[in-house]
file data.txt (compact mmCIF, C-alpha atoms)
# COMPACT_ATOMS: atom_id res chain seq x y z
CA MET A 282 0.00 0.00 0.00
CA ALA A 283 1.38 3.41 -0.93
CA LEU A 284 1.18 6.49 1.30
CA ARG A 285 1.32 10.07 0.07
CA VAL A 286 3.62 12.19 2.23
CA GLY A 287 2.73 15.87 2.45
CA SER A 288 2.86 17.94 -0.72
CA LEU A 289 6.01 16.46 -2.26
CA ARG A 290 7.28 18.53 -5.16
CA SER A 291 7.81 15.38 -7.18
CA ASN A 292 4.18 14.32 -6.64
CA LEU A 293 5.52 10.80 -6.22
CA LEU A 294 4.42 8.09 -3.83
CA LEU A 295 6.54 6.58 -1.07
CA ASN A 296 5.81 2.95 -0.40
CA SER A 297 5.03 2.02 3.18
CA ARG A 298 8.36 0.28 3.69
CA SER A 299 10.38 3.33 2.63
CA LEU A 300 8.30 5.67 4.76
CA CYS A 301 8.52 3.39 7.77
CA LYS A 302 12.29 3.14 7.28
CA PHE A 303 12.62 6.93 7.46
CA ALA A 304 10.06 7.32 10.27
CA SER A 305 11.67 4.62 12.39
CA PHE A 306 14.97 6.47 12.25
CA VAL A 307 13.59 9.86 13.27
CA GLY A 308 11.48 8.18 15.93
CA VAL A 309 8.03 9.37 14.89
CA ARG A 310 4.86 7.80 13.51
CA SER A 311 4.86 9.83 10.29
CA LEU A 312 6.93 12.32 8.37
CA SER A 313 4.18 14.94 8.71
CA GLU A 314 4.14 14.45 12.48
CA HIS A 315 7.90 14.87 12.53
CA VAL A 316 7.67 18.14 10.63
CA SER A 317 4.94 19.60 12.84
CA SER A 318 6.64 18.64 16.10
CA LYS A 319 10.28 19.25 15.23
CA THR A 320 12.43 21.90 16.81
CA VAL A 321 13.68 24.29 14.16
CA THR A 322 17.47 24.44 14.19
CA SER A 323 18.06 25.92 10.75
CA LYS A 324 18.90 29.50 9.96
CA PRO A 325 15.90 31.89 10.10
CA SER A 326 15.73 32.12 6.31
CA ASP A 327 15.47 28.34 5.93
CA THR A 328 11.70 28.11 6.35
CA THR A 329 9.28 26.40 4.04
CA SER A 330 7.32 29.54 3.24
CA ASP A 331 10.23 31.44 1.74
CA HIS A 332 12.47 28.68 0.38
CA LEU A 333 12.87 28.44 -3.37
CA ILE A 334 12.73 24.65 -3.75
CA TYR A 335 12.41 23.00 -0.31
CA THR A 336 9.23 21.88 1.45
CA GLN A 337 8.64 20.74 5.03
CA GLU A 338 9.64 17.24 3.96
CA HIS A 339 13.03 18.47 2.76
CA PHE A 340 13.72 20.07 6.14
CA ALA A 341 12.55 16.96 8.01
CA LEU A 342 14.93 14.87 5.92
CA LYS A 343 17.79 17.29 6.61
CA GLU A 344 17.17 17.36 10.35
CA ALA A 345 17.02 13.57 10.58
CA LEU A 346 20.29 13.27 8.70
CA ARG A 347 21.91 15.88 10.92
CA LYS A 348 21.03 13.82 13.99
CA LEU A 349 22.63 10.76 12.41
CA ILE A 350 25.76 12.73 11.50
CA ASP A 351 26.12 14.12 15.01
CA LYS A 352 25.77 10.65 16.52
CA GLU A 353 27.46 8.27 14.09
CA ILE A 354 30.00 10.30 12.08
CA ASN A 355 31.31 13.57 13.52
CA PRO A 356 32.51 12.09 16.83
CA TYR A 357 34.87 9.83 14.86
CA VAL A 358 36.04 12.10 12.03
CA ASP A 359 39.36 13.04 13.63
CA LYS A 360 40.16 9.37 14.20
CA TRP A 361 39.30 8.40 10.64
CA GLU A 362 41.25 11.32 9.22
CA ALA A 363 44.32 10.18 11.17
CA GLU A 364 43.87 6.59 10.01
CA GLY A 365 43.41 7.62 6.37
CA THR A 366 40.16 5.70 5.95
CA PHE A 367 36.71 5.25 7.43
CA PRO A 368 34.54 2.12 7.81
CA ALA A 369 32.49 2.53 4.64
CA HIS A 370 30.44 -0.65 5.02
CA LYS A 371 29.42 0.25 8.56
CA ILE A 372 28.54 3.89 7.81
CA PHE A 373 26.79 3.11 4.54
CA LYS A 374 24.69 0.46 6.25
CA ILE A 375 23.59 3.00 8.87
CA LEU A 376 22.75 5.51 6.14
CA GLY A 377 21.04 2.85 4.04
CA ASN A 378 18.87 1.66 6.90
CA ALA A 379 17.72 5.26 7.40
CA GLY A 380 16.97 5.74 3.69
CA PHE A 381 19.63 8.33 2.86
CA LEU A 382 21.48 6.49 0.07
CA GLY A 383 18.62 6.44 -2.41
CA VAL A 384 16.29 9.35 -1.77
CA SER A 385 15.79 9.96 -5.49
CA LYS A 386 16.03 6.33 -6.57
CA PRO A 387 13.03 4.07 -7.44
CA VAL A 388 11.06 2.67 -4.52
CA GLU A 389 11.09 -0.83 -6.04
CA TYR A 390 14.86 -0.92 -5.52
CA GLY A 391 14.90 0.45 -1.99
CA GLY A 392 14.83 4.17 -2.76
CA LEU A 393 12.39 6.79 -1.54
CA GLY A 394 11.24 7.75 -5.04
CA LEU A 395 11.67 11.49 -4.54
CA ASP A 396 12.98 14.05 -7.02
CA PHE A 397 16.59 15.24 -7.25
CA SER A 398 15.97 18.25 -5.00
CA TYR A 399 15.93 15.80 -2.09
CA SER A 400 19.38 14.55 -3.09
CA VAL A 401 20.54 18.17 -3.06
CA ALA A 402 19.07 18.61 0.42
CA VAL A 403 20.88 15.49 1.62
CA SER A 404 24.13 16.71 0.08
CA GLU A 405 23.76 20.07 1.80
CA GLU A 406 23.36 18.38 5.17
CA LEU A 407 26.31 16.07 4.54
CA GLY A 408 28.32 19.29 4.34
CA SER A 409 28.02 19.46 8.14
CA ILE A 410 30.38 16.48 8.40
CA ARG A 411 33.67 17.93 9.64
CA CYS A 412 35.78 16.75 6.73
CA GLY A 413 35.45 16.49 2.97
CA GLY A 414 36.41 12.86 2.46
CA ILE A 415 33.41 11.14 4.01
CA PRO A 416 30.75 13.23 2.23
CA MET A 417 32.59 12.61 -1.03
CA ALA A 418 32.58 8.86 -0.44
CA ILE A 419 28.87 8.92 0.37
CA GLY A 420 28.19 11.00 -2.73
CA VAL A 421 29.95 8.47 -4.93
CA GLN A 422 27.65 5.79 -3.52
CA SER A 423 24.41 7.73 -3.83
CA ASP A 424 24.78 10.15 -6.74
CA MET A 425 27.86 9.38 -8.83
CA ALA A 426 28.18 5.62 -9.38
CA THR A 427 24.47 4.77 -9.46
CA PRO A 428 22.41 7.33 -11.51
CA ALA A 429 23.04 5.64 -14.88
CA LEU A 430 22.29 2.22 -13.40
CA ALA A 431 19.02 3.50 -11.90
CA ARG A 432 17.99 5.16 -15.15
CA PHE A 433 19.19 2.79 -17.85
CA GLY A 434 20.13 -0.53 -16.19
CA SER A 435 18.20 -3.77 -16.54
CA ASP A 436 15.96 -5.01 -13.77
CA GLU A 437 18.44 -7.82 -13.11
CA LEU A 438 21.36 -5.40 -12.72
CA LYS A 439 19.35 -3.10 -10.48
CA LYS A 440 18.47 -5.98 -8.18
CA GLU A 441 22.07 -7.19 -8.05
CA PHE A 442 23.86 -3.84 -7.68
CA LEU A 443 21.51 -0.88 -7.17
CA LEU A 444 19.31 -2.36 -4.44
CA PRO A 445 22.18 -3.44 -2.15
CA SER A 446 23.94 -0.10 -2.75
CA ILE A 447 20.85 1.85 -1.68
CA MET A 448 20.43 -0.42 1.35
CA GLY A 449 24.09 0.02 2.28
CA ASP A 450 24.95 -3.64 1.86
CA LYS A 451 27.43 -3.02 -0.98
CA VAL A 452 29.95 -0.22 -1.43
CA ALA A 453 30.19 1.24 -4.93
CA CYS A 454 32.98 3.07 -6.74
CA LEU A 455 33.19 4.82 -10.09
CA GLY A 456 35.86 3.84 -12.59
CA VAL A 457 36.28 6.60 -15.19
CA SER A 458 39.58 8.48 -14.74
CA GLU A 459 42.87 6.98 -15.86
CA VAL A 460 46.50 8.04 -15.66
CA GLY A 461 46.29 9.60 -19.13
CA ALA A 462 42.62 10.54 -19.11
CA GLY A 463 41.18 12.58 -16.27
CA SER A 464 38.88 15.38 -17.38
CA ASP A 465 39.27 14.20 -21.00
CA VAL A 466 36.97 11.20 -20.60
CA SER A 467 36.92 10.46 -24.34
CA SER A 468 40.62 9.50 -24.15
CA ILE A 469 40.29 6.54 -21.77
CA MET A 470 42.21 3.43 -22.84
CA THR A 471 40.61 0.65 -20.77
CA LYS A 472 39.15 -1.81 -23.24
CA ALA A 473 36.40 -4.42 -23.07
CA VAL A 474 36.47 -6.96 -25.92
CA ARG A 475 33.41 -9.14 -26.46
CA LYS A 476 34.04 -12.87 -26.58
CA GLY A 477 30.86 -14.91 -26.71
CA ASP A 478 28.63 -14.08 -23.77
CA GLU A 479 31.36 -12.18 -21.96
CA TYR A 480 33.53 -9.12 -22.22
CA VAL A 481 37.24 -9.41 -21.44
CA ILE A 482 38.48 -6.21 -19.80
CA ASN A 483 42.05 -4.93 -19.69
CA GLY A 484 43.39 -1.60 -18.50
CA GLY A 485 43.29 0.41 -15.32
CA LYS A 486 41.60 3.21 -13.40
CA MET A 487 43.13 5.95 -11.28
CA TRP A 488 41.94 8.11 -8.35
CA THR A 489 39.09 5.73 -7.57
CA THR A 490 37.16 6.92 -4.51
CA ASN A 491 36.08 4.00 -2.27
CA GLY A 492 38.35 1.82 -4.40
CA THR A 493 39.97 -0.19 -1.60
CA GLN A 494 36.64 -1.01 0.07
CA ALA A 495 34.27 -1.25 -2.91
CA ASP A 496 32.24 -4.35 -3.73
CA TRP A 497 31.51 -3.21 -7.29
CA MET A 498 32.56 -0.58 -9.79
CA CYS A 499 30.56 1.40 -12.32
CA LEU A 500 33.22 1.04 -15.02
CA LEU A 501 33.56 3.00 -18.25
CA ALA A 502 35.47 1.13 -20.95
CA ASN A 503 35.93 1.18 -24.73
CA THR A 504 33.88 -1.57 -26.38
CA SER A 505 34.74 -0.77 -30.00
CA ASP A 506 37.20 1.18 -32.14
CA GLY A 507 34.60 3.68 -33.29
CA PRO A 508 34.37 7.44 -32.60
CA PRO A 509 35.43 8.21 -28.99
CA HIS A 510 32.01 9.55 -27.98
CA ARG A 511 30.19 6.44 -29.29
CA ASN A 512 32.55 3.57 -28.55
CA LYS A 513 32.24 3.34 -24.76
CA SER A 514 30.00 1.35 -22.45
CA LEU A 515 29.27 1.33 -18.73
CA PHE A 516 29.58 -1.93 -16.80
CA CYS A 517 28.62 -3.16 -13.36
CA LEU A 518 31.92 -4.81 -12.40
CA PRO A 519 32.19 -6.91 -9.21
CA MET A 520 35.49 -6.07 -7.56
CA ASP A 521 36.11 -9.66 -6.45
CA LEU A 522 36.39 -11.03 -9.98
CA PRO A 523 39.65 -12.73 -10.97
CA GLY A 524 41.99 -10.23 -12.60
CA VAL A 525 40.81 -7.17 -10.65
CA HIS A 526 43.81 -5.82 -8.76
CA VAL A 527 43.71 -2.93 -6.31
CA ALA A 528 47.31 -1.90 -6.86
CA ARG A 529 47.64 0.68 -4.12
CA LYS A 530 45.94 3.16 -1.88
CA ILE A 531 46.87 6.66 -3.06
CA GLU A 532 48.10 9.18 -0.50
CA LYS A 533 46.55 12.57 -1.08
CA MET A 534 46.92 16.23 -0.15
CA GLY A 535 43.42 16.24 1.37
CA MET A 536 40.32 14.09 1.74
CA TRP A 537 42.37 11.89 4.07
CA SER A 538 39.53 9.78 5.46
CA SER A 539 38.40 8.76 1.97
CA ASP A 540 40.31 5.84 0.49
CA THR A 541 41.45 6.40 -3.09
CA ALA A 542 42.81 3.54 -5.18
CA GLU A 543 44.60 2.68 -8.37
CA VAL A 544 42.97 -0.37 -9.93
CA PHE A 545 44.18 -2.65 -12.75
CA PHE A 546 42.22 -5.14 -14.87
CA ASP A 547 43.98 -8.17 -16.29
CA ASP A 548 41.73 -10.29 -18.54
CA VAL A 549 38.71 -9.68 -16.30
CA ARG A 550 35.69 -11.56 -17.63
CA VAL A 551 32.30 -9.89 -17.18
CA PRO A 552 28.97 -11.23 -18.47
CA CYS A 553 27.43 -9.23 -21.32
CA LYS A 554 24.35 -8.72 -19.19
CA ASN A 555 26.44 -6.47 -16.93
CA VAL A 556 26.42 -3.68 -19.53
CA ILE A 557 24.31 -0.75 -18.30
CA GLY A 558 21.79 0.17 -20.99
CA GLU A 559 22.98 0.06 -24.58
CA GLU A 560 26.47 -0.80 -25.72
CA GLY A 561 28.25 2.27 -27.06
CA MET A 562 26.19 4.71 -24.98
CA GLY A 563 28.56 4.79 -22.01
CA PHE A 564 30.03 8.21 -22.73
CA THR A 565 26.57 9.76 -22.95
CA TYR A 566 25.42 8.03 -19.77
CA GLN A 567 28.52 9.21 -17.94
CA MET A 568 28.00 12.80 -19.04
CA LEU A 569 24.48 12.61 -17.62
CA GLN A 570 25.88 11.23 -14.37
CA PHE A 571 28.32 14.14 -14.24
CA GLN A 572 25.49 16.68 -14.14
CA GLU A 573 24.09 15.22 -10.93
CA GLU A 574 27.58 14.78 -9.52
CA ARG A 575 28.46 18.43 -10.12
CA LEU A 576 25.26 19.77 -8.59
CA TRP A 577 25.68 17.40 -5.64
CA ALA A 578 29.25 18.62 -5.08
CA VAL A 579 28.17 22.27 -5.11
CA ALA A 580 25.37 21.62 -2.60
CA ASN A 581 27.80 19.87 -0.30
CA ILE A 582 30.49 22.53 -0.35
CA VAL A 583 28.05 25.43 0.12
CA THR A 584 27.16 24.16 3.59
CA THR A 585 30.80 23.72 4.53
CA MET A 586 31.60 27.25 3.38
CA ASP A 587 28.76 28.57 5.54
CA ASN A 588 30.24 26.72 8.51
CA ILE A 589 33.77 27.99 7.83
CA ILE A 590 32.54 31.59 7.75
CA GLN A 591 30.58 31.16 10.99
CA GLU A 592 33.49 29.52 12.82
CA THR A 593 35.80 32.28 11.56
CA ILE A 594 33.40 34.91 12.90
CA GLN A 595 33.32 33.19 16.29
CA TYR A 596 37.11 32.88 16.44
CA THR A 597 37.81 36.47 15.36
CA GLN A 598 35.30 37.76 17.92
CA GLN A 599 37.29 36.08 20.70
CA ARG A 600 40.83 36.56 19.43
CA LYS A 601 42.21 40.04 20.01
CA ILE A 602 44.93 41.97 18.26
CA PHE A 603 45.97 45.55 19.05
CA LYS A 604 43.55 45.50 22.00
CA GLN A 605 40.39 44.73 20.03
CA PRO A 606 38.83 41.62 18.47
CA ILE A 607 40.17 40.76 15.03
CA LEU A 608 36.61 40.85 13.72
CA TYR A 609 36.31 44.56 14.53
CA HIS A 610 38.94 45.46 11.95
CA GLN A 611 37.14 46.66 8.85
CA ALA A 612 39.30 44.59 6.52
CA VAL A 613 38.09 41.44 8.31
CA HIS A 614 34.36 42.00 8.64
CA PHE A 615 34.13 43.52 5.15
CA ARG A 616 35.92 40.49 3.70
CA LEU A 617 33.63 38.07 5.49
CA ALA A 618 30.63 40.00 4.17
CA GLU A 619 31.99 39.69 0.63
CA LEU A 620 32.52 35.95 1.04
CA GLN A 621 29.05 35.36 2.46
CA THR A 622 27.58 37.28 -0.48
CA GLU A 623 29.45 35.03 -2.90
CA VAL A 624 28.18 31.92 -1.10
CA GLU A 625 24.60 33.16 -1.33
CA LEU A 626 24.97 33.83 -5.05
CA LEU A 627 26.32 30.30 -5.56
CA ARG A 628 23.44 28.85 -3.54
CA SER A 629 20.92 30.71 -5.71
CA LEU A 630 22.54 29.31 -8.87
CA LEU A 631 22.43 25.82 -7.37
CA TYR A 632 18.72 26.09 -6.54
CA ARG A 633 17.89 27.48 -9.97
CA ALA A 634 19.76 24.66 -11.71
CA THR A 635 18.12 22.07 -9.44
CA ALA A 636 14.63 23.47 -10.06
CA MET A 637 15.17 23.35 -13.81
CA TYR A 638 16.70 19.86 -13.66
CA ILE A 639 13.74 18.30 -11.87
CA LYS A 640 11.46 19.84 -14.50
CA GLY A 641 13.42 17.99 -17.19
CA HIS A 642 15.52 20.82 -18.59
CA ASP A 643 19.12 20.50 -19.77
CA VAL A 644 21.18 22.18 -17.04
CA THR A 645 24.62 21.33 -18.39
CA LYS A 646 25.59 25.00 -18.68
CA LEU A 647 24.25 25.96 -15.25
CA ALA A 648 25.75 22.90 -13.56
CA SER A 649 29.11 23.68 -15.16
CA MET A 650 28.88 27.30 -14.02
CA ALA A 651 28.01 26.22 -10.48
CA LYS A 652 30.85 23.70 -10.39
CA LEU A 653 33.32 26.30 -11.72
CA LYS A 654 32.22 28.94 -9.25
CA GLY A 655 32.10 26.46 -6.36
CA GLY A 656 35.68 25.35 -6.89
CA ARG A 657 37.05 28.85 -7.25
CA LEU A 658 35.08 30.23 -4.33
CA ALA A 659 36.16 27.36 -2.09
CA ARG A 660 39.80 28.21 -2.76
CA GLU A 661 39.21 31.91 -2.23
CA LEU A 662 37.17 31.46 0.93
CA SER A 663 39.43 28.88 2.55
CA ASP A 664 42.50 31.04 1.93
CA SER A 665 40.88 34.24 3.26
CA CYS A 666 39.41 32.62 6.36
CA LEU A 667 42.58 30.69 7.16
CA GLN A 668 44.45 33.99 7.09
CA PHE A 669 42.19 35.40 9.80
CA TRP A 670 42.93 32.40 12.02
CA GLY A 671 46.63 33.26 11.92
CA GLY A 672 48.99 30.63 13.30
CA MET A 673 46.07 28.54 14.55
CA GLY A 674 44.82 28.24 10.99
CA TYR A 675 48.10 26.63 9.98
CA THR A 676 47.57 23.76 12.42
CA SER A 677 45.57 20.61 11.86
CA ASP A 678 43.43 21.34 14.91
CA VAL A 679 40.79 23.49 13.19
CA LEU A 680 38.23 22.90 10.44
CA VAL A 681 39.46 25.73 8.25
CA SER A 682 42.85 24.09 7.64
CA ARG A 683 41.17 20.79 6.77
CA PHE A 684 38.83 22.60 4.38
CA TYR A 685 41.82 24.37 2.81
CA ARG A 686 43.26 20.95 1.91
CA ASP A 687 40.06 19.14 1.05
CA SER A 688 38.35 21.82 -1.03
CA ARG A 689 41.21 22.07 -3.54
CA LEU A 690 39.81 18.98 -5.22
CA MET A 691 36.63 20.84 -6.18
CA SER A 692 38.41 22.54 -9.08
CA ILE A 693 39.92 19.25 -10.30
CA GLY A 694 37.52 16.34 -9.74
CA ALA A 695 34.43 15.68 -11.90
CA GLY A 696 35.87 17.94 -14.58
CA ALA A 697 38.57 20.56 -14.03
CA ASP A 698 37.80 24.28 -14.07
CA GLU A 699 39.17 24.53 -17.58
CA VAL A 700 36.76 21.84 -18.80
CA MET A 701 33.86 23.68 -17.15
CA LEU A 702 34.92 26.83 -19.01
CA SER A 703 35.01 24.91 -22.31
CA ILE A 704 31.50 23.57 -21.72
CA ILE A 705 30.20 27.03 -20.89
CA CYS A 706 31.88 28.46 -23.99
CA LYS A 707 30.28 25.74 -26.10
CA TYR A 708 26.84 26.80 -24.90
CA MET A 709 27.77 30.45 -25.50
CA ASP A 710 28.97 29.52 -29.01
CA THR A 711 32.31 31.22 -28.42
CA LEU A 712 34.70 28.31 -29.03
CA PRO A 713 37.09 28.66 -31.98
CA ARG A 714 35.72 26.99 -35.07
CA LYS A 715 37.82 24.25 -36.65

call {"tool": "encode", "arguments": {"input": "data.txt", "output": "C-alpha cells"}}
result
Amino acid sequence: MALRVGSLRSNLLLNSRSLCKFASFVGVRSLSEHVSSKTVTSKPSDTTSDHLIYTQEHFALKEALRKLIDKEINPYVDKWEAEGTFPAHKIFKILGNAGFLGVSKPVEYGGLGLDFSYSVAVSEELGSIRCGGIPMAIGVQSDMATPALARFGSDELKKEFLLPSIMGDKVACLGVSEVGAGSDVSSIMTKAVRKGDEYVINGGKMWTTNGTQADWMCLLANTSDGPPHRNKSLFCLPMDLPGVHVARKIEKMGMWSSDTAEVFFDDVRVPCKNVIGEEGMGFTYQMLQFQEERLWAVANIVTTMDNIIQETIQYTQQRKIFKQPILYHQAVHFRLAELQTEVELLRSLLYRATAMYIKGHDVTKLASMAKLKGGRLARELSDSCLQFWGGMGYTSDVLVSRFYRDSRLMSIGAGADEVMLSIICKYMDTLPRK
C-alpha cells in the first residue's frame, strides 16, 4: 500500500516500507508528524514559506540526517582522518537503513522515489560532516556511481547492484579516470572486448574513490574502435572477480579519510548482461551522471563554506589583536561580508539549476557554471578565512585548515575548471571553429 507524504514537489508516492524506514529512524509515527513537532534548528531564512525549492519534507529529511551525522559520524572524524580511511560498510549500512542512500532512486529498488531536490538537500546536510572525504565517499555511492544504473540498467542489474547499494549492503565506486585521461573522458584506454557471452576487460583506473573497500565498480570502458564519444559502455563490475587488482591506496593532499585507489584489470571476464543500458552509450550516460555529480558537489560545499565563515566569525570575535577583536577590523568584517555574499549567489545558482533539472531541462551549462564557481570560491574562501585564524589556521586542529586541503579537489575532480569553461563556452557559441 502506498502512502502520500505531504505535498512532495515530485508528486511521487513513497511505499510504506520506505516511509517506515525513514520514520523509524527519526522516531516518529509519520513524516508529517515529525515536521509539525520538530524543533527548528536551521537559519531563520530556511523556512518552508520562503524557500525556493524546499518543502517541510526536505527540512525533516535534513534534520534527521543531521542527527545521524552528530551521533554516528562527527565524533569519529578526527580518528578516521588520522587513520586515512573510514569504515564505509558500517557507515553506509547506517545511512542505508535510514533511507539516505537512495532518496531519489526508485522505490522498487529500496529508494524513496523522490525528485533530485531531495538529493541536493541530503548533500547540503552532509556538508556538516567535519571533513570532505566522508561526504565525497557517500556522494559516490548515492549520486555518482548509481544514476546511470538506476535510469538505464536492466531489472536484473538493479536488483544485483543498485538495491544493495541503496540499502548500504554493498559499497560502490566509479571507474572513469585513468593516468592519461582525467577530465578528457573520451581518451580513456581501458578496453572491453566481447568474446561470446562475456567481455574481457584490460586496462586500469586511477583516483578511484572507495576503491579499496568497494564491492563493485561502475566502469567505463571502450567496447569498440569507433568514434570516442560512441565507442564506450558502462559496466557493473564486481570487484572480487579474478583479474581485478587494487594496486595501491593513493596518499593525497586532502580528503584523508576517503580511500582512493589505483585499480588494474587483467583479462577480467564480465557477463554481457552487466552492460548498463545500450552498448556504445557509455560516454553519454557518464556525461548525464556528471550533471548530478556536479550539482551534488556544489550543494555539499556550500554548507561547509557557511560553517567555515561562521566559525571564523566566532574565532575572530574572541581573538584580540591591538587590544580589540580581530573581527572589529574593517578589513576582516568587510571580507567576510563579501565571502558570504558570494556563497549566497552560488546557492541561488544551485537552486535554480536544481529546479530546472527536476522539470526535465538541460542544465549542463548551469551545472558547469556552479561547479566552476564552487571550486574557485572554495579556494578563495578557505584562503581568506585561514588567514584570519593566523597561526592557529596553519595547524591541523581546526576545520578551516582541513577545508583548505580538502576543497582544492573541487576545481579538479568531476571535470577541471578549464573543462567547465570549455562547456560554458560551447553553450555560449564562443569556441574557436575548426

call {"tool": "closest_residue", "arguments": {"input": "data.txt", "among": "A:Glu592, A:Thr490, A:Leu690, A:Ala634", "to": "A:Gly674", "atoms": "all atoms listed in the file"}}
result
A:Glu592

call {"tool": "closest_residue", "arguments": {"input": "data.txt", "among": "A:Ala580, A:Met650, A:Val544, A:Cys454", "to": "A:Thr471", "atoms": "all atoms listed in the file"}}
result
A:Val544

call {"tool": "closest_residue", "arguments": {"input": "data.txt", "among": "A:Glu619, A:Asp698, A:Glu543, A:Glu560", "to": "A:Thr504", "atoms": "only C-alpha atoms"}}
result
A:Glu560

call {"tool": "atom_distance", "arguments": {"input": "data.txt", "atom1": "atom CA of A:Thr711", "atom2": "atom CA of A:Ser464"}}
result
20.4 Å

call {"tool": "atom_distance", "arguments": {"input": "data.txt", "atom1": "atom CA of A:Gln611", "atom2": "atom CA of A:Leu662"}}
result
17.1 Å

call {"tool": "atom_distance", "arguments": {"input": "data.txt", "atom1": "atom CA of A:Gly524", "atom2": "atom CA of A:Val452"}}
result
19.2 Å

call {"tool": "residues_around", "arguments": {"input": "data.txt", "residues": "A:Ile589", "least_positions_apart": "2", "cutoff": "8 Å", "atoms": "all atoms listed in the file", "output": "number ranges by chain"}}
result
A: 585-587, 591-593, 663, 666, 680-681

call {"tool": "closest_residue", "arguments": {"input": "data.txt", "among": "A:Glu623, A:Asp540, A:Asp678, A:Asp496", "to": "A:Met520", "atoms": "only C-alpha atoms"}}
result
A:Asp496

call {"tool": "residues_around", "arguments": {"input": "data.txt", "residues": "stretch 415-425 of chain A", "least_positions_apart": "6", "cutoff": "8 Å", "atoms": "all atoms listed in the file", "output": "VMD selection string"}}
result
chain A and resid 367 373 382 to 383 400 404 407 to 408 446 to 447 452 to 455 490 to 491 536 538 to 539 570 to 571 573 to 574 577 to 578 581

call {"tool": "residues_near_point", "arguments": {"input": "data.txt", "point": "(34.8, -7.3, -24.0)", "cutoff": "6 Å", "atoms": "all atoms listed in the file", "output": "list in words"}}
result
Ala473, Val474, Arg475, Tyr480, Val481 and Ile482 of chain A
